[in-house]
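Text of work-v5.txt (compact mmCIF, C-alpha atoms) as supplied:
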```txt
# COMPACT_ATOMS: atom_id res chain seq x y z
CA MET C 14 0.00 0.00 0.00
CA ARG C 15 2.86 2.36 0.81
CA LEU C 16 4.45 1.67 -2.56
CA PHE C 17 1.19 2.45 -4.32
CA SER C 18 0.81 5.67 -2.36
CA ASP C 19 4.34 6.83 -3.28
CA LEU C 20 3.75 6.11 -6.98
CA LYS C 21 0.49 8.07 -6.95
CA GLN C 22 2.21 11.04 -5.31
CA LYS C 23 4.99 11.01 -7.93
CA LEU C 24 2.47 10.97 -10.76
CA CYS C 25 0.59 13.93 -9.27
CA LEU C 26 3.79 15.90 -8.87
CA SER C 27 4.76 15.15 -12.49
CA ALA C 28 1.37 16.34 -13.82
CA SER C 29 1.58 19.48 -11.69
CA ALA C 30 5.03 20.22 -13.02
CA ARG C 31 3.83 19.85 -16.59
CA ARG C 32 0.98 22.27 -15.87
CA ASP C 33 3.26 24.87 -14.30
CA ARG C 34 5.88 24.99 -17.02
CA GLY C 35 3.65 27.29 -19.40
CA PHE C 36 4.03 27.81 -23.22
CA THR C 37 7.06 26.90 -25.16
CA LEU C 38 8.91 29.48 -27.28
CA VAL C 39 7.55 27.93 -30.46
CA GLU C 40 4.01 28.22 -29.20
CA VAL C 41 4.56 31.88 -28.29
CA MET C 42 6.03 32.66 -31.71
CA ILE C 43 3.14 30.96 -33.50
CA ALA C 44 0.67 32.93 -31.40
CA MET C 45 2.49 36.19 -32.20
CA VAL C 46 2.51 35.46 -35.92
CA ILE C 47 -1.22 34.71 -35.88
CA PHE C 48 -1.86 37.91 -33.91
CA LEU C 49 0.19 40.00 -36.35
CA VAL C 50 -1.55 38.50 -39.37
CA VAL C 51 -4.98 39.18 -37.89
CA THR C 52 -3.98 42.73 -36.86
CA ALA C 53 -2.51 43.48 -40.28
CA SER C 54 -5.66 42.21 -41.97
CA ILE C 55 -7.86 44.39 -39.79
CA TYR C 56 -5.60 47.42 -40.37
CA GLY C 57 -5.65 46.81 -44.11
CA LEU C 58 -9.42 46.64 -44.13
CA LEU C 59 -9.61 49.85 -42.08
CA GLN C 60 -7.22 51.58 -44.52
CA VAL C 61 -9.30 50.48 -47.50
CA ALA C 62 -12.43 51.73 -45.78
CA ARG C 63 -10.75 55.06 -44.94
CA VAL C 64 -9.53 55.56 -48.52
CA ASP C 65 -12.96 54.69 -49.90
CA ARG C 66 -14.61 57.06 -47.44
CA ASN C 67 -12.26 59.91 -48.34
CA ARG C 68 -12.70 59.21 -52.03
CA SER C 69 -16.48 59.23 -51.68
CA SER C 70 -16.34 62.43 -49.65
CA ARG C 71 -14.20 64.14 -52.27
CA ARG C 72 -16.49 63.04 -55.07
CA ALA C 73 -19.52 64.24 -53.14
CA ASP C 74 -17.93 67.68 -52.61
CA ILE C 75 -17.01 67.92 -56.29
CA LEU C 76 -20.47 66.89 -57.46
CA LYS C 77 -22.16 69.25 -55.01
CA ASN C 78 -20.27 72.29 -56.30
CA ALA C 79 -20.64 71.27 -59.93
CA ARG C 80 -24.37 70.57 -59.65
CA VAL C 81 -25.07 73.89 -57.94
CA ALA C 82 -23.18 75.72 -60.68
CA VAL C 83 -24.89 73.84 -63.50
CA HIS C 84 -28.28 74.39 -61.86
CA LEU C 85 -27.75 78.16 -61.81
CA ILE C 86 -26.56 78.23 -65.42
CA GLY C 87 -29.58 76.17 -66.40
CA ARG C 88 -31.95 78.49 -64.56
CA ASP C 89 -30.61 81.51 -66.43
CA ALA C 90 -30.68 79.56 -69.70
CA LEU C 91 -34.38 78.93 -69.16
CA ASN C 92 -34.92 82.64 -68.40
CA ALA C 93 -32.88 83.84 -71.37
CA GLY C 94 -35.01 85.99 -73.64
CA LEU C 95 -37.87 86.30 -71.14
CA GLY C 96 -39.51 89.65 -71.97
CA PHE C 97 -36.42 90.65 -73.92
CA HIS C 98 -36.56 91.67 -77.54
CA ARG C 99 -36.53 88.73 -79.95
CA ARG C 100 -33.75 90.21 -82.10
CA GLY C 101 -31.82 91.70 -79.20
CA ALA C 102 -30.86 95.17 -78.00
CA ILE C 103 -28.61 97.62 -79.83
CA VAL C 104 -25.38 98.53 -77.98
CA PRO C 105 -22.23 100.44 -79.02
CA ASP C 106 -19.69 98.84 -81.33
CA ASN C 107 -17.37 96.40 -79.51
CA PHE C 108 -19.38 96.73 -76.30
CA LEU C 109 -19.74 92.94 -76.13
CA SER C 110 -16.03 92.27 -76.62
CA ASN C 111 -15.01 94.91 -74.06
CA LEU C 112 -17.51 93.80 -71.43
CA LEU C 113 -17.82 90.04 -71.96
CA GLY C 114 -14.38 89.22 -73.35
CA ILE C 115 -15.44 87.71 -76.68
CA PRO C 116 -13.43 88.50 -79.83
CA ALA C 117 -14.21 91.85 -81.45
CA ASP C 118 -16.19 91.85 -84.68
CA ALA C 119 -14.75 92.95 -87.99
CA ASP C 120 -17.03 95.96 -88.61
CA SER C 121 -17.56 99.37 -87.03
CA GLN C 122 -21.32 99.09 -86.69
CA ARG C 123 -23.16 98.84 -83.41
CA ASP C 124 -23.38 95.42 -81.76
CA ILE C 125 -26.52 93.45 -80.92
CA LEU C 126 -26.91 92.22 -77.35
CA THR C 127 -28.90 89.04 -77.91
CA SER C 128 -30.61 87.03 -75.17
CA ILE C 129 -27.68 84.59 -75.27
CA VAL C 130 -24.10 85.60 -76.05
CA VAL C 131 -21.60 82.84 -76.73
CA GLY C 132 -17.84 82.81 -76.17
CA ASP C 133 -16.06 79.68 -77.42
CA ASN C 134 -12.57 78.86 -76.06
CA ILE C 135 -12.00 82.24 -74.43
CA TYR C 136 -10.32 81.83 -71.04
CA PRO C 137 -7.06 80.03 -70.14
CA ASN C 138 -7.08 77.78 -67.08
CA ASP C 139 -4.11 76.89 -64.86
CA LEU C 140 -5.71 73.53 -63.97
CA GLN C 141 -5.97 72.45 -67.58
CA PRO C 142 -3.16 69.96 -68.46
CA ASP C 143 -3.32 71.03 -72.11
CA PRO C 144 -2.48 74.78 -72.27
CA THR C 145 -4.00 75.07 -75.74
CA VAL C 146 -7.47 74.24 -74.38
CA LYS C 147 -9.47 77.23 -73.15
CA THR C 148 -12.81 77.37 -71.38
CA ASP C 149 -16.08 78.73 -72.74
CA MET C 150 -18.18 81.70 -71.67
CA ILE C 151 -21.92 82.26 -71.85
CA ALA C 152 -24.06 85.31 -71.03
CA PHE C 153 -27.83 85.73 -70.71
CA ALA C 154 -30.20 88.70 -70.91
CA PHE C 155 -33.78 88.62 -69.63
CA ARG C 156 -36.39 91.01 -68.28
CA ASP C 157 -36.85 91.82 -64.59
CA LEU C 158 -40.54 91.05 -64.13
CA ASP C 159 -40.52 92.43 -60.58
CA PHE C 160 -39.66 95.94 -61.74
CA ASN C 161 -42.55 98.44 -61.74
CA GLY C 162 -45.08 95.75 -60.91
CA SER C 163 -44.18 93.94 -64.15
CA ASP C 164 -45.54 96.89 -66.18
CA VAL C 165 -43.50 98.76 -68.77
CA ILE C 166 -42.91 102.50 -68.40
CA GLU C 167 -44.31 104.48 -71.30
CA LEU C 168 -42.07 107.25 -72.66
CA GLN C 169 -43.25 110.35 -74.45
CA ASN C 170 -40.16 112.45 -75.18
CA VAL C 171 -36.44 113.03 -74.75
CA GLY C 172 -34.46 116.17 -74.00
CA SER C 173 -31.22 117.29 -72.38
CA PRO C 174 -30.41 119.12 -69.15
CA ALA C 175 -29.36 122.73 -69.60
CA GLY C 176 -25.71 122.88 -70.59
CA SER C 177 -25.38 119.07 -71.01
CA PRO C 178 -26.38 118.20 -74.59
CA GLN C 179 -24.66 114.82 -74.34
CA ILE C 180 -27.16 113.55 -71.72
CA ALA C 181 -30.43 111.99 -72.87
CA ARG C 182 -33.18 112.91 -70.38
CA LEU C 183 -36.10 110.58 -70.92
CA VAL C 184 -39.55 111.89 -70.07
CA THR C 185 -42.22 109.40 -69.04
CA LYS C 186 -45.83 109.65 -70.14
CA ALA C 187 -47.15 109.41 -66.59
CA PRO C 188 -46.19 112.26 -64.23
CA ASP C 189 -44.89 109.71 -61.70
CA GLY C 190 -43.61 107.19 -64.25
CA ALA C 191 -39.99 107.23 -63.02
CA THR C 192 -40.65 106.64 -59.31
CA GLN C 193 -39.45 103.03 -59.54
CA ALA C 194 -36.33 103.91 -61.53
CA ARG C 195 -32.87 104.10 -59.93
CA PRO C 196 -29.37 105.01 -61.13
CA ASN C 197 -27.37 102.07 -62.54
CA ASP C 198 -30.49 100.17 -63.62
CA LEU C 199 -30.22 98.46 -67.00
CA TYR C 200 -33.10 99.34 -69.29
CA LEU C 201 -34.33 98.16 -72.65
CA ILE C 202 -36.08 100.93 -74.57
CA GLU C 203 -38.29 99.60 -77.34
CA SER C 204 -40.05 101.50 -80.10
CA ASP C 205 -41.27 100.71 -83.59
CA THR C 206 -37.89 101.85 -84.96
CA SER C 207 -35.32 100.47 -82.51
CA GLN C 208 -34.61 98.58 -79.31
CA VAL C 209 -31.81 100.13 -77.28
CA ALA C 210 -30.00 98.93 -74.13
CA VAL C 211 -28.99 101.74 -71.75
CA MET C 212 -28.00 102.29 -68.13
CA ALA C 213 -29.68 104.97 -66.00
CA THR C 214 -27.26 107.48 -64.52
CA GLY C 215 -29.76 109.65 -62.65
CA VAL C 216 -33.42 110.17 -61.77
CA PRO C 217 -33.81 113.96 -61.44
CA SER C 218 -37.60 113.93 -61.01
CA ALA C 219 -40.63 111.68 -60.77
CA ASN C 220 -41.01 111.57 -64.55
CA GLN C 221 -37.42 111.90 -65.78
CA ILE C 222 -34.54 109.43 -66.20
CA ASP C 223 -31.08 110.53 -67.27
CA ILE C 224 -28.94 108.43 -69.62
CA ALA C 225 -25.45 109.94 -69.63
CA PRO C 226 -22.35 108.60 -71.46
CA THR C 227 -20.56 108.21 -68.10
CA ASP C 228 -22.04 104.90 -66.98
CA PRO C 229 -19.68 102.26 -65.50
CA LEU C 230 -20.36 99.76 -68.30
CA ASN C 231 -19.66 102.24 -71.14
CA LEU C 232 -23.06 101.36 -72.53
CA ASN C 233 -24.54 104.81 -73.12
CA GLN C 234 -23.67 106.99 -76.09
CA PRO C 235 -23.85 110.80 -76.17
CA LEU C 236 -27.15 112.22 -77.33
CA ASN C 237 -25.33 114.81 -79.43
CA GLY C 238 -22.98 112.26 -80.97
CA VAL C 239 -22.78 111.65 -84.71
CA ALA C 240 -23.95 108.54 -86.60
CA GLU C 241 -22.69 105.30 -85.00
CA ASN C 242 -21.08 107.29 -82.18
CA GLY C 243 -24.35 108.96 -81.20
CA SER C 244 -27.20 107.74 -79.05
CA LEU C 245 -30.15 106.05 -80.67
CA LEU C 246 -32.31 107.79 -78.07
CA ARG C 247 -32.35 110.93 -80.21
CA LYS C 248 -35.91 111.74 -81.20
CA CYS C 249 -36.74 111.05 -84.87
CA VAL C 250 -37.41 114.13 -86.96
CA ASP C 251 -39.60 112.42 -89.56
CA SER C 252 -40.35 108.98 -91.01
CA SER C 253 -37.17 109.01 -93.12
CA ASP C 254 -34.92 109.69 -90.14
CA THR C 255 -32.66 106.86 -88.95
CA ASN C 256 -30.54 106.18 -85.86
CA CYS C 257 -33.30 107.54 -83.66
CA THR C 258 -36.38 106.66 -81.56
CA THR C 259 -39.96 107.64 -82.34
CA TYR C 260 -41.11 107.84 -78.69
CA LEU C 261 -43.99 105.60 -79.22
CA ALA C 262 -41.62 103.85 -76.85
CA SER C 263 -41.59 101.84 -73.62
CA LEU C 264 -38.94 101.08 -71.01
CA LYS C 265 -38.35 97.93 -68.97
CA ARG C 266 -35.53 96.77 -66.71
CA PHE C 267 -33.45 93.73 -67.65
CA TYR C 268 -30.69 91.56 -66.24
CA LEU C 269 -27.37 90.75 -67.86
CA VAL C 270 -25.41 87.84 -66.33
CA LYS C 271 -22.33 85.97 -67.46
CA TYR C 272 -20.69 82.66 -66.52
CA HIS C 273 -17.01 81.96 -67.02
CA ILE C 274 -14.05 80.26 -65.33
CA LYS C 275 -11.23 82.40 -64.02
CA GLN C 276 -7.65 81.37 -64.60
CA ASP C 277 -7.36 79.80 -61.13
CA GLY C 278 -10.30 77.47 -61.85
CA THR C 279 -13.07 79.41 -60.07
CA LEU C 280 -16.40 79.34 -61.87
CA VAL C 281 -18.07 82.72 -61.33
CA ARG C 282 -21.43 84.29 -62.09
CA THR C 283 -21.03 87.96 -63.01
CA ILE C 284 -23.95 90.39 -62.75
CA TYR C 285 -23.76 93.66 -64.67
CA GLY C 286 -25.58 96.72 -63.38
CA ASN C 287 -28.76 96.91 -61.28
CA ASN C 288 -26.76 97.12 -58.05
CA ARG C 289 -28.70 99.80 -56.20
CA ASN C 290 -26.55 99.53 -53.07
CA ALA C 291 -23.26 100.14 -54.85
CA ALA C 292 -20.96 102.75 -53.32
CA THR C 293 -18.67 103.01 -56.36
CA PRO C 294 -19.12 102.56 -60.12
CA ALA C 295 -16.84 99.51 -60.04
CA GLU C 296 -19.44 97.69 -57.94
CA GLN C 297 -21.76 97.55 -60.94
CA ILE C 298 -19.77 94.51 -62.03
CA GLN C 299 -20.29 91.89 -59.32
CA GLU C 300 -18.61 88.47 -59.34
CA PHE C 301 -20.04 85.61 -57.30
CA PRO C 302 -17.98 82.38 -57.06
CA LEU C 303 -20.01 79.21 -57.59
CA ALA C 304 -17.48 76.38 -57.76
CA TYR C 305 -13.76 75.88 -57.33
CA ASN C 306 -11.16 73.67 -59.03
CA VAL C 307 -13.08 73.70 -62.31
CA GLU C 308 -10.71 72.49 -64.97
CA ASN C 309 -12.92 73.02 -68.00
CA MET C 310 -16.31 74.23 -69.15
CA GLN C 311 -17.41 73.39 -72.68
CA ILE C 312 -20.79 74.36 -74.10
CA ARG C 313 -22.50 73.11 -77.24
CA TYR C 314 -25.57 74.57 -78.89
CA VAL C 315 -28.45 73.07 -80.85
CA LEU C 316 -29.95 75.57 -83.28
CA LYS C 317 -33.47 75.91 -84.60
CA ASP C 318 -32.68 73.81 -87.67
CA GLY C 319 -31.05 71.02 -85.61
CA THR C 320 -27.46 72.10 -86.26
CA VAL C 321 -25.07 71.37 -83.39
CA THR C 322 -22.22 73.85 -82.99
CA ASP C 323 -19.71 75.26 -80.54
CA ASN C 324 -20.36 78.82 -81.71
CA PRO C 325 -23.40 79.83 -83.77
CA ALA C 326 -21.80 83.15 -84.77
CA VAL C 327 -19.00 81.59 -86.82
CA GLY C 328 -19.70 82.10 -90.51
CA ASP C 329 -19.02 79.83 -93.45
CA ASP C 330 -15.25 80.30 -93.16
CA GLY C 331 -15.29 78.88 -89.63
CA ILE C 332 -13.18 81.77 -88.34
CA LEU C 333 -14.53 84.15 -85.71
CA GLY C 334 -13.89 87.86 -86.20
CA THR C 335 -14.27 87.96 -89.99
CA ASP C 336 -16.84 89.68 -92.21
CA ASP C 337 -19.10 86.64 -92.55
CA ASP C 338 -19.75 86.25 -88.80
CA ARG C 339 -23.41 85.94 -87.84
CA PRO C 340 -23.88 86.97 -84.18
CA GLU C 341 -27.61 87.31 -84.83
CA ASP C 342 -27.68 83.51 -85.06
CA PHE C 343 -27.44 83.43 -81.26
CA ASN C 344 -31.20 83.95 -81.45
CA LEU C 345 -31.52 80.54 -83.14
CA ILE C 346 -30.24 78.62 -80.11
CA ARG C 347 -32.81 76.14 -78.83
CA GLN C 348 -30.76 73.88 -76.52
CA ILE C 349 -27.59 74.28 -74.49
CA THR C 350 -25.41 71.39 -73.28
CA ILE C 351 -22.99 72.34 -70.52
CA THR C 352 -20.11 70.04 -69.59
CA LEU C 353 -17.99 70.79 -66.51
CA THR C 354 -14.80 68.99 -65.56
CA VAL C 355 -13.99 69.48 -61.87
CA GLN C 356 -10.90 68.38 -59.96
CA ALA C 357 -10.72 67.19 -56.36
CA PHE C 358 -8.82 69.39 -53.92
CA GLU C 359 -6.54 66.53 -52.80
CA ALA C 360 -4.77 63.69 -54.56
CA ASP C 361 -6.03 60.13 -54.10
CA GLU C 362 -4.16 58.28 -51.31
CA GLN C 363 -3.63 55.18 -53.43
CA THR C 364 -3.09 56.48 -56.96
CA GLN C 365 -1.52 59.82 -55.93
CA LYS C 366 -3.51 61.40 -58.75
CA VAL C 367 -6.19 64.08 -58.59
CA ASP C 368 -9.71 62.79 -59.20
CA ARG C 369 -11.61 64.40 -62.06
CA ILE C 370 -15.37 64.26 -62.42
CA MET C 371 -17.27 65.31 -65.53
CA ILE C 372 -20.88 66.43 -65.25
CA SER C 373 -23.09 67.33 -68.19
CA SER C 374 -26.59 68.78 -68.46
CA THR C 375 -28.81 69.99 -71.30
CA PHE C 376 -31.30 72.85 -71.07
CA SER C 377 -33.90 74.22 -73.45
CA THR C 378 -34.04 77.94 -74.20
CA ARG C 379 -37.81 78.06 -74.18
CA ASN C 380 -38.16 81.85 -74.18
CA LEU C 381 -36.08 82.28 -77.32
CA GLU C 382 -38.53 79.98 -79.07
CA TYR C 383 -41.84 81.33 -77.83
CA ASP C 384 -41.52 84.77 -76.26
CA ALA C 385 -42.25 87.65 -78.61
CA GLY C 386 -40.27 90.08 -76.50
```

Would you mind writing the file's structure down as structure tokens?
Amino acid sequence: MRLFSDLKQKLCLSASARRDRGFTLVEVMIAMVIFLVVTASIYGLLQVARVDRNRSSRRADILKNARVAVHLIGRDALNAGLGFHRRGAIVPDNFLSNLLGIPADADSQRDILTSIVVGDNIYPNDLQPDPTVKTDMIAFAFRDLDFNGSDVIELQNVGSPAGSPQIARLVTKAPDGATQARPNDLYLIESDTSQVAVMATGVPSANQIDIAPTDPLNLNQPLNGVAENGSLLRKCVDSSDTNCTTYLASLKRFYLVKYHIKQDGTLVRTIYGNNRNAATPAEQIQEFPLAYNVENMQIRYVLKDGTVTDNPAVGDDGILGTDDDRPEDFNLIRQITITLTVQAFEADEQTQKVDRIMISSTFSTRNLEYDAG
């Protein structure tokens, strides 16, 4: 019995010793390798998720800016021509090139400010990898239906202030017809002989509006000027008189807005005139940034006859700025397709390249088709 008891005690001590000795070095190393593999896998998955999240966030920011910009362009495209004259408004020669940046025409005659003005490949862009590619410009004109309760102001005559023969002082038919008018308003004056775009420079009384050749946009011409250098607001002498207005005429306020991309890639909406809170003349040209990091903006136009073109004004020779240009064909535009290419602000973590997203939208110019002006 004693021998059996001693053997049992030795076996218990041996089992206890085996339990107390712990893991071997090999077992520890295997455990560490497994732990590292699992940790690396989890870290890799987290990195992939982080990259995907950042990529999605960047794309969302790009799309948000681009969609807002395209929405605003589309809204003005739909308004283009609303209450404006179907053929457009007469403005001084090279007014459009000086104000909007499009190439000057080949003649010395007055320009026509149509409801849509097109500029194809006008502005350089530092974000564009190909320096020969330039971005497009587009401008819209449409009536301000909120002005004067949406009623036109009837005009009955024109004169000049004493000692200032260059100023056209419009006289309204109603004794209080000019109460809604303000300096720096853009007006379209329509008669059976002409349709003239002007900017008010003063409102001296309740039935008078001054149009002086000192406006910030250089839109007005002197009333005492000669031929193409004189104002079309001069009153017609008889039925054979030209370059004049009959004063069976009406006045309405209109908007002129332009979209283009600055050289640093900022897409801006520019509003000309109608800034009644401006402290200086320079504030009559207001730029509002809409989107940043815009690499390109290309616009195509569908005309009334189904023709698709980058610039409706280009004549048969395909060269802008020559004698066969047809800027009046801007009135034939029926659809506009705008394509923006926008870059992300940061490079992708994996590819180390900047993401580019292209967004395209098409809008109908319904008021050019149906509105009589």

Out of C:Ala295, C:Lys317, C:Thr148, C:Val104, which residue has the shortest atom-to-atom distance to Met212 in chain C when counting all atoms listed in the file?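 Once distances to Met212 in chain C are computed over all atoms listed in the file, the minimum belongs to C:Val104.
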
Contacts of range 378-382 of chain C within 6 Å, only C-alpha atoms, excl. fewer than 4 positions in-chain, as a tab-separated table (two decimals) with C-alpha atoms, keeping the file's coordinate frame:
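To be explicit, this is the file written out as part-v6.tsv:
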```tsv
chain	number	residue	atom	x	y	z
C	90	ALA	CA	-30.68	79.56	-69.70
C	91	LEU	CA	-34.38	78.93	-69.16
C	94	GLY	CA	-35.01	85.99	-73.64
C	95	LEU	CA	-37.87	86.30	-71.14
C	347	ARG	CA	-32.81	76.14	-78.83
C	348	GLN	CA	-30.76	73.88	-76.52
```

Measuring atom to atom with all atoms listed in the file, identify which of C:Ala175, C:Asn242, C:Asp124, C:Ile284 is nearest to Ser110 in chain C.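 Ranked by minimum distance to Ser110 in chain C, first place goes to C:Asp124.
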
Please, what distance in Å, to one decimal, runs between CA of Asp159 in chain C and CA of Arg195 in chain C? 14.0 Å

Which of C:Val171, C:Ala262, C:Ile115, C:Ala181 sits closest to Thr206 in chain C [using all atoms listed in the file]: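 Among C:Val171, C:Ala262, C:Ile115, C:Ala181, it is C:Ala262 that comes nearest to Thr206 in chain C.
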
For Thr375 in chain C, please output as a PyMOL selection string all residues within 7 Å (counting all atoms listed in the file; exclusion window: fewer than 3 positions along the same chain). chain C and resi 348-351

Rounded to one decimal place, report the CA of Arg100 in chain C-CA of Asp149 in chain C distance in Å.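 Here the two named atoms are 23.1 Å from each other.
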
Looking at all atoms listed in the file, which of C:Leu353, C:Ile180, C:Leu345, C:Ala219 is the one that sits closest to Arg99 in chain C? C:Leu345

Go ahead and compute the interatomic distance for CA of Leu280 in chain C and CA of Leu333 in chain C, in Å to one decimal. 24.4 Å

Would you list the residues near (-31.6, 109.8, -64.3) (no more than 12 Å away, in the coordinates of the file, using all atoms listed in the file) as a PyMOL selection string? chain C and resi 171-174+180-185+191-200+211-228

Residue contacts of Val83 in chain C (12 Å, only C-alpha atoms) excluding same-chain residues fewer than 4 positions away, as a ChimeraX atom specification: /C:76-79,87-90,272-273,280-282,303-304,307,310-312,349-355,371-376

Could you pull the residues within 10 Å of Leu158 in chain C, counting all atoms listed in the file, minus those fewer than 3 positions along the same chain, as a ChimeraX atom specification? /C:95-96,155,161-165,265-267

From the options C:Asn288, C:Ser253, C:Asn92, C:Ser204, which residue's atoms come nearest to Ser128 in chain C, counting only C-alpha atoms? C:Asn92

Restrict the output to range 111-134 of chain C and N, CA and C atoms, then write it as an mmCIF file, in the first residue's frame.
```
data_model
loop_
_atom_site.group_PDB
_atom_site.id
_atom_site.type_symbol
_atom_site.label_atom_id
_atom_site.label_comp_id
_atom_site.auth_asym_id
_atom_site.auth_seq_id
_atom_site.Cartn_x
_atom_site.Cartn_y
_atom_site.Cartn_z
ATOM 1 N N ASN C 111 -15.632 94.211 -75.193
ATOM 2 C CA ASN C 111 -15.015 94.906 -74.060
ATOM 3 C C ASN C 111 -15.587 94.434 -72.727
ATOM 4 N N LEU C 112 -16.878 94.163 -72.694
ATOM 5 C CA LEU C 112 -17.508 93.801 -71.426
ATOM 6 C C LEU C 112 -17.436 92.304 -71.145
ATOM 7 N N LEU C 113 -17.691 91.479 -72.162
ATOM 8 C CA LEU C 113 -17.817 90.038 -71.957
ATOM 9 C C LEU C 113 -16.566 89.260 -72.336
ATOM 10 N N GLY C 114 -15.644 89.890 -73.038
ATOM 11 C CA GLY C 114 -14.382 89.225 -73.352
ATOM 12 C C GLY C 114 -14.375 88.395 -74.609
ATOM 13 N N ILE C 115 -15.429 88.471 -75.424
ATOM 14 C CA ILE C 115 -15.441 87.712 -76.676
ATOM 15 C C ILE C 115 -14.645 88.477 -77.730
ATOM 16 N N PRO C 116 -14.196 87.799 -78.796
ATOM 17 C CA PRO C 116 -13.430 88.503 -79.831
ATOM 18 C C PRO C 116 -14.236 89.626 -80.469
ATOM 19 N N ALA C 117 -13.553 90.716 -80.812
ATOM 20 C CA ALA C 117 -14.212 91.847 -81.453
ATOM 21 C C ALA C 117 -14.642 91.481 -82.864
ATOM 22 N N ASP C 118 -15.729 92.104 -83.313
ATOM 23 C CA ASP C 118 -16.191 91.847 -84.675
ATOM 24 C C ASP C 118 -15.348 92.643 -85.671
ATOM 25 N N ALA C 119 -15.583 92.367 -86.942
ATOM 26 C CA ALA C 119 -14.747 92.955 -87.990
ATOM 27 C C ALA C 119 -15.248 94.304 -88.470
ATOM 28 N N ASP C 120 -16.482 94.710 -88.079
ATOM 29 C CA ASP C 120 -17.035 95.957 -88.605
ATOM 30 C C ASP C 120 -17.033 97.041 -87.534
ATOM 31 N N SER C 121 -17.483 98.234 -87.938
ATOM 32 C CA SER C 121 -17.557 99.375 -87.026
ATOM 33 C C SER C 121 -18.990 99.732 -86.688
ATOM 34 N N GLN C 122 -19.922 98.843 -86.999
ATOM 35 C CA GLN C 122 -21.316 99.091 -86.690
ATOM 36 C C GLN C 122 -21.627 98.703 -85.252
ATOM 37 N N ARG C 123 -22.757 99.183 -84.772
ATOM 38 C CA ARG C 123 -23.157 98.837 -83.410
ATOM 39 C C ARG C 123 -23.368 97.332 -83.277
ATOM 40 N N ASP C 124 -23.171 96.835 -82.052
ATOM 41 C CA ASP C 124 -23.384 95.419 -81.762
ATOM 42 C C ASP C 124 -24.844 95.170 -81.398
ATOM 43 N N ILE C 125 -25.203 93.888 -81.377
ATOM 44 C CA ILE C 125 -26.520 93.454 -80.917
ATOM 45 C C ILE C 125 -26.333 92.581 -79.678
ATOM 46 N N LEU C 126 -26.920 93.020 -78.583
ATOM 47 C CA LEU C 126 -26.913 92.221 -77.351
ATOM 48 C C LEU C 126 -28.098 91.269 -77.417
ATOM 49 N N THR C 127 -27.842 90.043 -77.820
ATOM 50 C CA THR C 127 -28.904 89.043 -77.915
ATOM 51 C C THR C 127 -29.172 88.423 -76.544
ATOM 52 N N SER C 128 -30.236 87.642 -76.454
ATOM 53 C CA SER C 128 -30.608 87.032 -75.173
ATOM 54 C C SER C 128 -29.562 86.046 -74.682
ATOM 55 N N ILE C 129 -28.812 85.455 -75.615
ATOM 56 C CA ILE C 129 -27.683 84.594 -75.270
ATOM 57 C C ILE C 129 -26.477 85.075 -76.068
ATOM 58 N N VAL C 130 -25.357 85.239 -75.387
ATOM 59 C CA VAL C 130 -24.104 85.600 -76.047
ATOM 60 C C VAL C 130 -23.106 84.489 -75.759
ATOM 61 N N VAL C 131 -22.464 84.010 -76.822
ATOM 62 C CA VAL C 131 -21.598 82.836 -76.733
ATOM 63 C C VAL C 131 -20.133 83.248 -76.865
ATOM 64 N N GLY C 132 -19.287 82.651 -76.040
ATOM 65 C CA GLY C 132 -17.842 82.807 -76.167
ATOM 66 C C GLY C 132 -17.196 81.436 -76.160
ATOM 67 N N ASP C 133 -16.638 81.020 -77.279
ATOM 68 C CA ASP C 133 -16.061 79.680 -77.420
ATOM 69 C C ASP C 133 -14.551 79.737 -77.257
ATOM 70 N N ASN C 134 -14.025 78.926 -76.303
ATOM 71 C CA ASN C 134 -12.573 78.858 -76.065
ATOM 72 C C ASN C 134 -11.991 80.248 -75.832
#
```
